[in-house]
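Each remark here refers to the structure printed beneath this line.
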Amino acid sequence: MILTISYHSFQLLQYTWIAVAIIVFLVLLKIAAPYGRHTSSKWGIAISNKIGWMIMESTVLVVLAIFIIPDIQFVSSVSWVMIALFCLHYFNRSFIFPFRIHTKGKKMPVLIVCSAIFFNFMNGFSLGYYFTHFANYTATWLTDFRFIAGIILFFSGLYINWKSDNILIHLRKPNETHYIIPAKWLFNYISCPNLFGELIEWLGFALLCWNLPALSFFIWTSANLIPRALAHHQWYKNKFTEYPANRFAVVPFVL
């Protein structure tokens, strides 16, 4: 056991973390986070974006393991299903996605890497501690409507996210760096179906887990991805005069 926290204190921490997410959301609506096309030298020291992705995304897997392994005997089989789903996403993000993107020579600010490490530390701790100390799922949860609906949403979002990433990756040849307007599949309706898929994925995860840390994670995901999608959408409109006027940013026909 690494530390002992009462459930009341744990809840208070989660509610505080959600409040921070709301503040971050409001800030990011005004200031685009320096990912990819929004990066500039004013954000300070930068490193290879491939290395940056690996470091910041793998952090959550390491922290999750740190908080689960000492109390692994308390993790139920149902909790293991949830943990496996979470790790499926982050294994791809940490060790597959960075090697697939065609972004040779592109940099990522260390500031972004550090902020993502902190974000993922909190997520890894919250989920890991919950599953080992407070979760009380029984096998019947696997047939609960919330779990079934959540698992459908999770894999639907995962599919949308991965397929959209694949389309974006293959827009350019390995040595090309210029931007191209995506024009396939859900890209005909929204600028960022990859982010739309991730939102659906974590909404499903929050539903199938039905716990406060998973809800907190979905709120944080929304706080990060919705402003990023809006910034990407505006960037496309500013850069390409021929950009389709009927496209939305991240949710078809809504936002």
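Chain lettering (A, B, ...) mirrors the order of the structure tokens, residue numbering begins at 1 for each chain separately, and ligand numbering begins at 1 in order of display.
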- Query: Can you tell me, as a PyMOL selection string, what residues are no more than 12 Å from Leu85 (chain A) when counting only C-alpha atoms, ignoring any on the same chain fewer than 5 positions away?
  - Reply: chain A and resi 61+78-80+90-92+150-151+154-155+158+201-202+204-206+208-209
- Could you give me the residues within region 16-97 of chain A that DSSP places in alpha helix (DSSP H), as a PyMOL selection string? chain A and resi 16-30+49-68+77-95+97
- Which is closest to Tyr243 (chain A) among A:Ile148, A:Ile190, A:Ile51, A:Met56, if we use only C-alpha atoms? A:Ile190
- Distance CA of Ser164 (chain A)-CA of Arg228 (chain A), one decimal place? 15.7 Å
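Comparing A:Trp185, A:Trp43, A:Phe196, A:Phe99 by their smallest distance to Leu111 (chain A), the closest is A:Trp43 (using only C-alpha atoms).
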- From the DSSP assignment of the backbone, select every residue of region 27-203 of chain A that is strand (DSSP E or B), and format the answer as an MDAnalysis selection string. chainID A and resid 46:48 107:109 190
Same residues, C-alpha atoms, output as a PDB file, in the first residue's frame:
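Here's the written file result22.pdb:
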ATOM      1  CA  ALA A  46      10.775  21.822 -27.634  1.00  0.00           C
ATOM      2  CA  ILE A  47      11.588  18.150 -28.237  1.00  0.00           C
ATOM      3  CA  SER A  48      10.733  15.640 -30.955  1.00  0.00           C
ATOM      4  CA  LYS A 107       8.687  19.522 -32.301  1.00  0.00           C
ATOM      5  CA  MET A 108       6.502  19.586 -29.218  1.00  0.00           C
ATOM      6  CA  PRO A 109       6.988  22.133 -26.401  1.00  0.00           C
ATOM      7  CA  ILE A 190     -16.653  17.699 -38.995  1.00  0.00           C
TER       8      ILE A 190
END
Near-Thr59 (chain A) list (8 Å; only C-alpha atoms; drop same-chain fewer than 5 positions) as a PDB file with N, CA and C atoms, in the first residue's frame:
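See result14.pdb below for the written result:
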ATOM      1  N   ILE A 117       2.071  15.105 -18.521  1.00  0.00           N
ATOM      2  CA  ILE A 117       2.557  14.155 -17.517  1.00  0.00           C
ATOM      3  C   ILE A 117       1.779  14.331 -16.217  1.00  0.00           C
ATOM      4  N   ASN A 120      -1.768  13.033 -16.711  1.00  0.00           N
ATOM      5  CA  ASN A 120      -1.817  11.577 -16.726  1.00  0.00           C
ATOM      6  C   ASN A 120      -1.442  10.965 -15.381  1.00  0.00           C
ATOM      7  N   PHE A 121      -0.628  11.661 -14.604  1.00  0.00           N
ATOM      8  CA  PHE A 121      -0.351  11.181 -13.248  1.00  0.00           C
ATOM      9  C   PHE A 121      -1.641  11.176 -12.432  1.00  0.00           C
TER      10      PHE A 121
END
- Within 12 Å of Ser216 (chain A), counting only C-alpha atoms, which residues show up once you throw out same-chain ones fewer than 6 positions away? Write them as a list in words, please. Gln11, Leu12, Leu13, Gln14, Tyr15, Thr16, Trp17, Ile18, Ala19, Val20, Ala21, Ile22, Phe119, Met122, Asn123, Gly124, Ser126, Leu127, Trp202, Leu203, Phe205, Ala206, Leu207, Cys209, Trp210, Ser222 and Ala223 of chain A
